[in-house]
Amino acid sequence: MLIFQLAVILLASKIAGDISVRLGQPSVLGKLLIGIILGPAVLGIVTSTEVLSEISQIGVILLMFIAGLETDTEEFKRTGKASAYVGVAGIIVPFSLGYLAGITIGLPQIESVFLGLLLSATSVSISVQALKEMGKLKSREGTTILGAAVIDDILVIIVLAFVMSFAGGDVNLGVIVLKKIAFFAVAILLAWKVVPWVLNKFAPLRVTEAVISAGLIICFLYAYLAEYAGVAAIIGAYIAGVAISLTKYKHEVFEKVETISYSIFVPVFFTSIGVTAEFTGLLQNIGLIAGLSVLAILTKLIGSAIGAKLAGFQWSNSLAIGAAMVSRGEVALIIAAMGLESNLLNKDMFAVIIVVVLITTIVTPPMMKLFFSKTGEKLKV
């Protein structure tokens with residue numbers, strides 16, 4: 001059954017992606033929508049299984065690894081201030097208005113805080129693909145978005161630990177913060193000293209594709225360590241990509257990993273997002289879904305755009321950056337699952353949030369296409 005599902009996903013995602021591009025949209029939009037059509041919500045040809053979920057997880061890890069390989073580290077250093085502004089402002093606005101929305105619809109205070117936190121999350125895995133297709137991944141805007149996503153992830157997870165400690169969860173805030181500091185310290189040290197050494201040791205081995213294997217080992221270990229430290233695995237994969245981009249093996253690893261990723265793993269990731277969508281029993285909450293979706297889109301768009309503007313970008317560029325931060329993706333899904341487990345979300349609200357996350361993910365590529373088409377101004381000096 002898995003083999004048949006993989007064949008269907010690959011065929012459908014490539015055709016849907018091509019149609020999307022012909023209609024003037026990023027191919028990722030077509031892949032997301034075809035997932036909904038193939039999944040239980042419409043045709044039921046493809047169902048979400050544990051194995052498919054694991055393949056999808058590898059896909060998003062490799063996607064962010066490739067983004068790291070393509071990162072211009074000098075540009076990354078120059079956009080540090082802008083990334084901080086975008087990341088922080090992109091949390092403050094959705095968190096504040098999400099909390100107020102929770103109070104307005106009658107949620108208890110702690111659950112309202114959790115809703116605000118959910119709306120503050122971001123996942124740029126979808127945005128990365130759209131940026132690649134538009135040739136903007138290495139631009140000042142693209143680098144700012146990637147940096148802001150790292151900052152956003154760290155801050156949201158720390159605040160989440162703080163909220164769950166108040167909610168009665170067995171959470172030690174000090175330990176949470178220390179684990180994150182330790183992860184980034186170790187990650188930087190390994191990138192500086194160990195990653196080049198590992199690649200140099202693997203290169204002479206008399207086996208096929210030794211360097212590519214070394215690159216993938218580094219990528220998966222970084223992703224695992226990040227997840228263990230409470231940081232998203234995609235952040236670890238991204239840092240691994242940046243580490244290898246500083247070595248002479250950058251282009252060799254990039255070319256081979258891109259081929260492996262886009263031939264199977266990345267299409268499965270994009271399509272599986274749509275496959276997981278379930279719309280049964282949601283009609284009675286359609287008003288709440290619509291309201292929270294609009295709130296989720298506008299607060300992230302405006303908040304992140306304000307941060308970019310404060311950092312010196314023109315409004316058109318700022319809105320393009322804001323659009324790229326709108327998708328909540330797998331980061332929000334993980335937080336929502338934690339909320340359900342700790343009774344900070346009831347089952348009905350959890351189902352609503354899943355649909356809202358899906359909507360933010362689907363609207364991100366066309367929004368980026370719209371706003372990036374209007375850019376052209378350069379950063380103020």
# chains A, B, ... in the order shown; residues from 1 in each chain; ligands from 1
>>> residues_around(residues="Ala337 (chain A)", least_positions_apart="5", cutoff="12 Å", atoms="only C-alpha atoms", output="short mmCIF file (atom, residue, chain, number, x, y, z; two decimals) with N, CA, C and O atoms, in the first residue's frame")
data_model
loop_
_atom_site.label_atom_id
_atom_site.label_comp_id
_atom_site.auth_asym_id
_atom_site.auth_seq_id
_atom_site.Cartn_x
_atom_site.Cartn_y
_atom_site.Cartn_z
N PHE A 114 -2.38 30.56 25.81
CA PHE A 114 -1.89 29.47 24.95
C PHE A 114 -2.30 29.69 23.50
O PHE A 114 -1.51 29.43 22.59
N LEU A 118 0.11 29.97 20.29
CA LEU A 118 -0.06 29.17 19.07
C LEU A 118 -0.01 30.04 17.82
O LEU A 118 0.63 29.68 16.82
N GLU A 330 4.35 22.87 10.76
CA GLU A 330 4.50 21.79 11.74
C GLU A 330 4.82 22.29 13.14
O GLU A 330 4.54 21.63 14.14
N VAL A 331 5.41 23.50 13.25
CA VAL A 331 5.75 24.04 14.58
C VAL A 331 4.47 24.26 15.40
O VAL A 331 4.37 23.85 16.56
N ALA A 332 3.46 24.88 14.78
CA ALA A 332 2.18 25.12 15.48
C ALA A 332 1.46 23.81 15.76
O ALA A 332 0.80 23.67 16.80
N SER A 342 -1.95 18.49 27.53
CA SER A 342 -1.92 19.12 28.86
C SER A 342 -3.23 19.83 29.20
O SER A 342 -3.28 20.63 30.13
N ASN A 343 -4.29 19.57 28.40
CA ASN A 343 -5.63 20.14 28.63
C ASN A 343 -5.69 21.67 28.50
O ASN A 343 -6.56 22.31 29.09
N LEU A 344 -4.77 22.24 27.75
CA LEU A 344 -4.83 23.68 27.45
C LEU A 344 -5.68 23.93 26.21
O LEU A 344 -6.02 25.07 25.90
N LEU A 345 -5.97 22.85 25.48
CA LEU A 345 -6.90 22.90 24.34
C LEU A 345 -7.86 21.73 24.47
O LEU A 345 -7.43 20.61 24.75
N ASN A 346 -9.16 21.97 24.26
CA ASN A 346 -10.09 20.84 24.21
C ASN A 346 -10.09 20.27 22.79
O ASN A 346 -9.52 20.85 21.87
N LYS A 347 -10.75 19.13 22.59
CA LYS A 347 -10.70 18.44 21.30
C LYS A 347 -11.30 19.28 20.17
O LYS A 347 -10.78 19.29 19.04
N MET A 349 -11.47 22.61 19.98
CA MET A 349 -10.57 23.72 19.69
C MET A 349 -9.32 23.22 18.96
O MET A 349 -8.80 23.89 18.07
N PHE A 350 -8.87 22.02 19.33
CA PHE A 350 -7.72 21.43 18.66
C PHE A 350 -8.01 21.22 17.18
O PHE A 350 -7.19 21.55 16.32
N ALA A 351 -9.21 20.69 16.86
CA ALA A 351 -9.61 20.47 15.46
C ALA A 351 -9.67 21.79 14.70
O ALA A 351 -9.26 21.87 13.54
N ILE A 353 -7.94 24.54 15.39
CA ILE A 353 -6.56 25.03 15.22
C ILE A 353 -5.87 24.31 14.06
O ILE A 353 -5.14 24.93 13.27
N ILE A 354 -6.10 23.00 13.93
CA ILE A 354 -5.48 22.24 12.83
C ILE A 354 -5.88 22.82 11.48
O ILE A 354 -5.04 23.00 10.59
#
>>> closest_atom_pairs(of="region 83-140 of chain A", to="region 218-235 of chain A", cutoff="10 Å", atoms="only C-alpha atoms", output="tab-separated table")
residue	atom	partner	partner_atom	distance
A:Ser123	CA	A:Ile234	CA	9.0
A:Val124	CA	A:Ile234	CA	9.5
A:Ser125	CA	A:Ile234	CA	8.1
>>> write_last_selection(atoms="C-alpha atoms", output="PDB file, in the first residue's frame")
ATOM      1  CA  SER A 123       7.357  27.648  10.109  1.00  0.00           C
ATOM      2  CA  VAL A 124       9.232  28.818   7.036  1.00  0.00           C
ATOM      3  CA  SER A 125       9.630  25.374   5.433  1.00  0.00           C
TER       4      SER A 125
END
>>> residues_around(residues="region 289-298 of chain A", least_positions_apart="4", cutoff="10 Å", atoms="only C-alpha atoms", output="PyMOL selection string")
chain A and resi 93-95+97-98+101-102+115-116+118-121+282-285+302-304+322-323+325-328+349+351-361+363-364
>>> write_last_selection(atoms="C-alpha atoms", output="PDB file, in the first residue's frame")
ATOM      1  CA  VAL A  93       1.419  41.219  17.625  1.00  0.00           C
ATOM      2  CA  PRO A  94      -0.140  37.734  17.135  1.00  0.00           C
ATOM      3  CA  PHE A  95       0.416  36.833  20.790  1.00  0.00           C
ATOM      4  CA  LEU A  97      -4.291  39.828  19.687  1.00  0.00           C
ATOM      5  CA  GLY A  98      -4.555  36.028  19.980  1.00  0.00           C
ATOM      6  CA  ALA A 101      -9.402  36.806  20.877  1.00  0.00           C
ATOM      7  CA  GLY A 102      -9.315  33.959  23.390  1.00  0.00           C
ATOM      8  CA  LEU A 115      -3.981  30.481  21.920  1.00  0.00           C
ATOM      9  CA  GLY A 116      -1.892  33.646  21.579  1.00  0.00           C
ATOM     10  CA  LEU A 118      -0.064  29.169  19.070  1.00  0.00           C
ATOM     11  CA  LEU A 119      -0.691  32.092  16.729  1.00  0.00           C
ATOM     12  CA  SER A 120       2.852  33.359  17.405  1.00  0.00           C
ATOM     13  CA  ALA A 121       4.522  30.240  16.009  1.00  0.00           C
ATOM     14  CA  LEU A 282     -16.191  21.371  11.637  1.00  0.00           C
ATOM     15  CA  LEU A 283     -19.251  23.035  10.083  1.00  0.00           C
ATOM     16  CA  GLN A 284     -20.567  24.136  13.463  1.00  0.00           C
ATOM     17  CA  ASN A 285     -17.263  25.973  14.065  1.00  0.00           C
ATOM     18  CA  ILE A 302       1.483  42.965  10.001  1.00  0.00           C
ATOM     19  CA  GLY A 303       3.645  42.154  13.033  1.00  0.00           C
ATOM     20  CA  SER A 304       6.571  40.826  10.991  1.00  0.00           C
ATOM     21  CA  GLY A 322       5.650  39.409   6.646  1.00  0.00           C
ATOM     22  CA  ALA A 323       3.896  37.183   4.104  1.00  0.00           C
ATOM     23  CA  MET A 325       6.261  34.392   8.097  1.00  0.00           C
ATOM     24  CA  VAL A 326       2.497  33.649   7.939  1.00  0.00           C
ATOM     25  CA  SER A 327       2.653  29.831   7.650  1.00  0.00           C
ATOM     26  CA  ARG A 328       2.401  28.139  11.052  1.00  0.00           C
ATOM     27  CA  MET A 349     -10.570  23.720  19.691  1.00  0.00           C
ATOM     28  CA  ALA A 351      -9.608  20.468  15.462  1.00  0.00           C
ATOM     29  CA  VAL A 352     -10.250  24.164  14.754  1.00  0.00           C
ATOM     30  CA  ILE A 353      -6.565  25.028  15.217  1.00  0.00           C
ATOM     31  CA  ILE A 354      -5.478  22.236  12.834  1.00  0.00           C
ATOM     32  CA  VAL A 355      -7.648  23.724  10.055  1.00  0.00           C
ATOM     33  CA  VAL A 356      -6.414  27.262  10.828  1.00  0.00           C
ATOM     34  CA  VAL A 357      -2.790  26.064  10.575  1.00  0.00           C
ATOM     35  CA  LEU A 358      -3.594  24.384   7.246  1.00  0.00           C
ATOM     36  CA  ILE A 359      -5.196  27.582   5.914  1.00  0.00           C
ATOM     37  CA  THR A 360      -2.186  29.731   6.901  1.00  0.00           C
ATOM     38  CA  THR A 361       0.069  27.226   5.147  1.00  0.00           C
ATOM     39  CA  VAL A 363      -2.285  31.006   1.637  1.00  0.00           C
ATOM     40  CA  THR A 364       1.421  31.699   2.250  1.00  0.00           C
TER      41      THR A 364
END
>>> closest_atom_pairs(of="region 261-370 of chain A", to="region 33-49 of chain A", cutoff="8 Å", atoms="only C-alpha atoms", output="JSON lines")
{"residue": "A:Phe270", "atom": "CA", "partner": "A:Gly35", "partner_atom": "CA", "distance": 7.6}
{"residue": "A:Thr271", "atom": "CA", "partner": "A:Gly35", "partner_atom": "CA", "distance": 4.3}
{"residue": "A:Ser272", "atom": "CA", "partner": "A:Gly35", "partner_atom": "CA", "distance": 5.9}
{"residue": "A:Ile273", "atom": "CA", "partner": "A:Gly35", "partner_atom": "CA", "distance": 6.7}
{"residue": "A:Gly274", "atom": "CA", "partner": "A:Gly35", "partner_atom": "CA", "distance": 4.0}
{"residue": "A:Val275", "atom": "CA", "partner": "A:Gly39", "partner_atom": "CA", "distance": 4.2}
{"residue": "A:Thr276", "atom": "CA", "partner": "A:Ser48", "partner_atom": "CA", "distance": 6.0}
{"residue": "A:Ala277", "atom": "CA", "partner": "A:Ala41", "partner_atom": "CA", "distance": 6.4}
{"residue": "A:Glu278", "atom": "CA", "partner": "A:Ala41", "partner_atom": "CA", "distance": 5.4}
{"residue": "A:Phe279", "atom": "CA", "partner": "A:Ala41", "partner_atom": "CA", "distance": 6.3}
{"residue": "A:Thr280", "atom": "CA", "partner": "A:Ala41", "partner_atom": "CA", "distance": 7.9}
{"residue": "A:Ile362", "atom": "CA", "partner": "A:Leu33", "partner_atom": "CA", "distance": 7.6}
>>> residues_around(residues="Gly90 (chain A)", least_positions_apart="2", cutoff="6 Å", atoms="only C-alpha atoms", output="VMD selection string")
chain A and resid 86 to 88 92 300 303 to 304
>>> write_last_selection(atoms="N, CA, C and O atoms", output="mmCIF file, in the first residue's frame")
data_model
loop_
_atom_site.group_PDB
_atom_site.id
_atom_site.type_symbol
_atom_site.label_atom_id
_atom_site.label_comp_id
_atom_site.auth_asym_id
_atom_site.auth_seq_id
_atom_site.Cartn_x
_atom_site.Cartn_y
_atom_site.Cartn_z
ATOM 1 N N VAL A 86 12.136 41.357 13.099
ATOM 2 C CA VAL A 86 11.029 40.617 12.471
ATOM 3 C C VAL A 86 10.557 39.495 13.391
ATOM 4 O O VAL A 86 9.349 39.297 13.582
ATOM 5 N N GLY A 87 11.510 38.752 13.966
ATOM 6 C CA GLY A 87 11.158 37.636 14.841
ATOM 7 C C GLY A 87 10.383 38.080 16.071
ATOM 8 O O GLY A 87 9.354 37.491 16.418
ATOM 9 N N VAL A 88 10.857 39.149 16.724
ATOM 10 C CA VAL A 88 10.223 39.621 17.970
ATOM 11 C C VAL A 88 8.866 40.265 17.682
ATOM 12 O O VAL A 88 7.862 39.950 18.331
ATOM 13 N N ILE A 92 5.042 39.389 19.128
ATOM 14 C CA ILE A 92 4.288 40.305 19.999
ATOM 15 C C ILE A 92 2.868 40.554 19.478
ATOM 16 O O ILE A 92 1.892 40.450 20.227
ATOM 17 N N LYS A 300 0.372 37.986 11.891
ATOM 18 C CA LYS A 300 1.748 37.621 11.550
ATOM 19 C C LYS A 300 2.272 38.496 10.418
ATOM 20 O O LYS A 300 3.422 38.946 10.447
ATOM 21 N N GLY A 303 2.609 42.125 12.001
ATOM 22 C CA GLY A 303 3.645 42.154 13.033
ATOM 23 C C GLY A 303 5.041 42.033 12.456
ATOM 24 O O GLY A 303 5.933 42.841 12.757
ATOM 25 N N SER A 304 5.247 41.033 11.596
ATOM 26 C CA SER A 304 6.571 40.826 10.991
ATOM 27 C C SER A 304 6.937 41.980 10.059
ATOM 28 O O SER A 304 8.106 42.391 9.983
#
>>> decode(residues="region 247-262 of chain A", atoms="all heavy atoms", output="mmCIF file, in the first residue's frame")
data_model
loop_
_atom_site.group_PDB
_atom_site.id
_atom_site.type_symbol
_atom_site.label_atom_id
_atom_site.label_comp_id
_atom_site.auth_asym_id
_atom_site.auth_seq_id
_atom_site.Cartn_x
_atom_site.Cartn_y
_atom_site.Cartn_z
ATOM 1 N N THR A 247 32.350 25.000 4.047
ATOM 2 C CA THR A 247 33.433 24.100 3.643
ATOM 3 C C THR A 247 33.540 24.033 2.116
ATOM 4 O O THR A 247 32.655 24.503 1.399
ATOM 5 C CB THR A 247 33.199 22.666 4.187
ATOM 6 O OG1 THR A 247 32.111 22.071 3.458
ATOM 7 C CG2 THR A 247 32.869 22.692 5.673
ATOM 8 N N LYS A 248 34.608 23.390 1.629
ATOM 9 C CA LYS A 248 34.817 23.266 0.181
ATOM 10 C C LYS A 248 33.890 22.235 -0.453
ATOM 11 O O LYS A 248 33.853 22.091 -1.676
ATOM 12 C CB LYS A 248 36.276 22.899 -0.102
ATOM 13 C CG LYS A 248 36.694 21.554 0.488
ATOM 14 C CD LYS A 248 38.176 21.292 0.233
ATOM 15 C CE LYS A 248 38.602 19.967 0.852
ATOM 16 N NZ LYS A 248 40.059 19.704 0.637
ATOM 17 N N TYR A 249 33.147 21.497 0.401
ATOM 18 C CA TYR A 249 32.260 20.453 -0.113
ATOM 19 C C TYR A 249 30.837 20.962 -0.334
ATOM 20 O O TYR A 249 29.941 20.177 -0.676
ATOM 21 C CB TYR A 249 32.223 19.276 0.874
ATOM 22 C CG TYR A 249 33.590 18.674 1.128
ATOM 23 C CD1 TYR A 249 34.274 18.954 2.307
ATOM 24 C CD2 TYR A 249 34.198 17.847 0.186
ATOM 25 C CE1 TYR A 249 35.531 18.414 2.553
ATOM 26 C CE2 TYR A 249 35.460 17.312 0.409
ATOM 27 C CZ TYR A 249 36.125 17.599 1.597
ATOM 28 O OH TYR A 249 37.363 17.077 1.818
ATOM 29 N N LYS A 250 30.625 22.242 -0.144
ATOM 30 C CA LYS A 250 29.285 22.836 -0.220
ATOM 31 C C LYS A 250 28.536 22.457 -1.496
ATOM 32 O O LYS A 250 27.416 21.940 -1.447
ATOM 33 C CB LYS A 250 29.386 24.355 -0.117
ATOM 34 C CG LYS A 250 28.090 25.091 -0.427
ATOM 35 C CD LYS A 250 28.274 26.599 -0.384
ATOM 36 C CE LYS A 250 26.991 27.316 -0.786
ATOM 37 N NZ LYS A 250 27.120 28.789 -0.681
ATOM 38 N N HIS A 251 29.142 22.699 -2.656
ATOM 39 C CA HIS A 251 28.445 22.505 -3.935
ATOM 40 C C HIS A 251 28.182 21.028 -4.222
ATOM 41 O O HIS A 251 27.114 20.665 -4.734
ATOM 42 C CB HIS A 251 29.242 23.138 -5.078
ATOM 43 C CG HIS A 251 29.371 24.613 -4.947
ATOM 44 N ND1 HIS A 251 28.292 25.471 -5.051
ATOM 45 C CD2 HIS A 251 30.455 25.403 -4.686
ATOM 46 C CE1 HIS A 251 28.699 26.721 -4.872
ATOM 47 N NE2 HIS A 251 30.000 26.705 -4.654
ATOM 48 N N GLU A 252 29.140 20.170 -3.861
ATOM 49 C CA GLU A 252 28.967 18.743 -4.093
ATOM 50 C C GLU A 252 27.801 18.202 -3.265
ATOM 51 O O GLU A 252 26.948 17.466 -3.773
ATOM 52 C CB GLU A 252 30.261 17.995 -3.718
ATOM 53 C CG GLU A 252 30.186 16.505 -4.004
ATOM 54 C CD GLU A 252 31.467 15.764 -3.623
ATOM 55 O OE1 GLU A 252 32.451 16.429 -3.234
ATOM 56 O OE2 GLU A 252 31.455 14.533 -3.703
ATOM 57 N N VAL A 253 27.759 18.585 -1.996
ATOM 58 C CA VAL A 253 26.676 18.126 -1.118
ATOM 59 C C VAL A 253 25.339 18.691 -1.585
ATOM 60 O O VAL A 253 24.341 17.974 -1.677
ATOM 61 C CB VAL A 253 26.943 18.534 0.356
ATOM 62 C CG1 VAL A 253 25.735 18.209 1.235
ATOM 63 C CG2 VAL A 253 28.190 17.828 0.885
ATOM 64 N N PHE A 254 25.331 19.981 -1.929
ATOM 65 C CA PHE A 254 24.085 20.633 -2.335
ATOM 66 C C PHE A 254 23.458 19.957 -3.555
ATOM 67 O O PHE A 254 22.269 19.638 -3.559
ATOM 68 C CB PHE A 254 24.342 22.114 -2.634
ATOM 69 C CG PHE A 254 23.172 22.807 -3.269
ATOM 70 C CD1 PHE A 254 22.067 23.186 -2.517
ATOM 71 C CD2 PHE A 254 23.155 23.061 -4.634
ATOM 72 C CE1 PHE A 254 20.978 23.806 -3.097
ATOM 73 C CE2 PHE A 254 22.064 23.682 -5.229
ATOM 74 C CZ PHE A 254 20.977 24.063 -4.445
ATOM 75 N N GLU A 255 24.258 19.728 -4.588
ATOM 76 C CA GLU A 255 23.726 19.179 -5.844
ATOM 77 C C GLU A 255 23.124 17.784 -5.647
ATOM 78 O O GLU A 255 22.031 17.484 -6.130
ATOM 79 C CB GLU A 255 24.841 19.122 -6.894
ATOM 80 C CG GLU A 255 25.209 20.503 -7.437
ATOM 81 C CD GLU A 255 26.436 20.470 -8.316
ATOM 82 O OE1 GLU A 255 26.894 19.351 -8.644
ATOM 83 O OE2 GLU A 255 26.952 21.549 -8.670
ATOM 84 N N LYS A 256 23.825 16.930 -4.915
ATOM 85 C CA LYS A 256 23.351 15.556 -4.726
ATOM 86 C C LYS A 256 22.152 15.504 -3.772
ATOM 87 O O LYS A 256 21.189 14.773 -4.008
ATOM 88 C CB LYS A 256 24.490 14.677 -4.189
ATOM 89 C CG LYS A 256 25.663 14.532 -5.142
ATOM 90 C CD LYS A 256 25.287 13.702 -6.363
ATOM 91 C CE LYS A 256 26.436 13.599 -7.350
ATOM 92 N NZ LYS A 256 27.586 12.829 -6.841
ATOM 93 N N VAL A 257 22.222 16.282 -2.678
ATOM 94 C CA VAL A 257 21.127 16.267 -1.700
ATOM 95 C C VAL A 257 19.855 16.854 -2.310
ATOM 96 O O VAL A 257 18.748 16.373 -2.046
ATOM 97 C CB VAL A 257 21.525 17.033 -0.418
ATOM 98 C CG1 VAL A 257 20.309 17.252 0.489
ATOM 99 C CG2 VAL A 257 22.598 16.274 0.349
ATOM 100 N N GLU A 258 20.004 17.878 -3.148
ATOM 101 C CA GLU A 258 18.837 18.459 -3.799
ATOM 102 C C GLU A 258 18.149 17.420 -4.693
ATOM 103 O O GLU A 258 16.913 17.319 -4.719
ATOM 104 C CB GLU A 258 19.238 19.681 -4.626
ATOM 105 C CG GLU A 258 18.025 20.438 -5.171
ATOM 106 C CD GLU A 258 18.417 21.690 -5.930
ATOM 107 O OE1 GLU A 258 19.336 21.614 -6.765
ATOM 108 O OE2 GLU A 258 17.797 22.738 -5.694
ATOM 109 N N THR A 259 18.950 16.630 -5.409
ATOM 110 C CA THR A 259 18.395 15.583 -6.271
ATOM 111 C C THR A 259 17.636 14.535 -5.452
ATOM 112 O O THR A 259 16.502 14.168 -5.782
ATOM 113 C CB THR A 259 19.522 14.887 -7.065
ATOM 114 O OG1 THR A 259 20.206 15.855 -7.846
ATOM 115 C CG2 THR A 259 18.963 13.810 -7.976
ATOM 116 N N ILE A 260 18.258 14.076 -4.370
ATOM 117 C CA ILE A 260 17.619 13.075 -3.501
ATOM 118 C C ILE A 260 16.318 13.630 -2.912
ATOM 119 O O ILE A 260 15.277 12.965 -2.926
ATOM 120 C CB ILE A 260 18.575 12.677 -2.352
ATOM 121 C CG1 ILE A 260 19.811 11.965 -2.896
ATOM 122 C CG2 ILE A 260 17.854 11.796 -1.328
ATOM 123 C CD1 ILE A 260 20.930 11.806 -1.881
ATOM 124 N N SER A 261 16.389 14.854 -2.417
ATOM 125 C CA SER A 261 15.262 15.454 -1.694
ATOM 126 C C SER A 261 14.054 15.684 -2.587
ATOM 127 O O SER A 261 12.926 15.305 -2.248
ATOM 128 C CB SER A 261 15.693 16.776 -1.060
ATOM 129 O OG SER A 261 16.809 16.596 -0.234
ATOM 130 N N TYR A 262 14.287 16.315 -3.733
ATOM 131 C CA TYR A 262 13.170 16.713 -4.596
ATOM 132 C C TYR A 262 12.627 15.573 -5.446
ATOM 133 O O TYR A 262 11.568 15.700 -6.058
ATOM 134 C CB TYR A 262 13.567 17.899 -5.475
ATOM 135 C CG TYR A 262 13.534 19.197 -4.702
ATOM 136 C CD1 TYR A 262 14.676 19.672 -4.074
ATOM 137 C CD2 TYR A 262 12.346 19.921 -4.569
ATOM 138 C CE1 TYR A 262 14.641 20.846 -3.333
ATOM 139 C CE2 TYR A 262 12.306 21.088 -3.838
ATOM 140 C CZ TYR A 262 13.454 21.546 -3.226
ATOM 141 O OH TYR A 262 13.412 22.706 -2.483
#
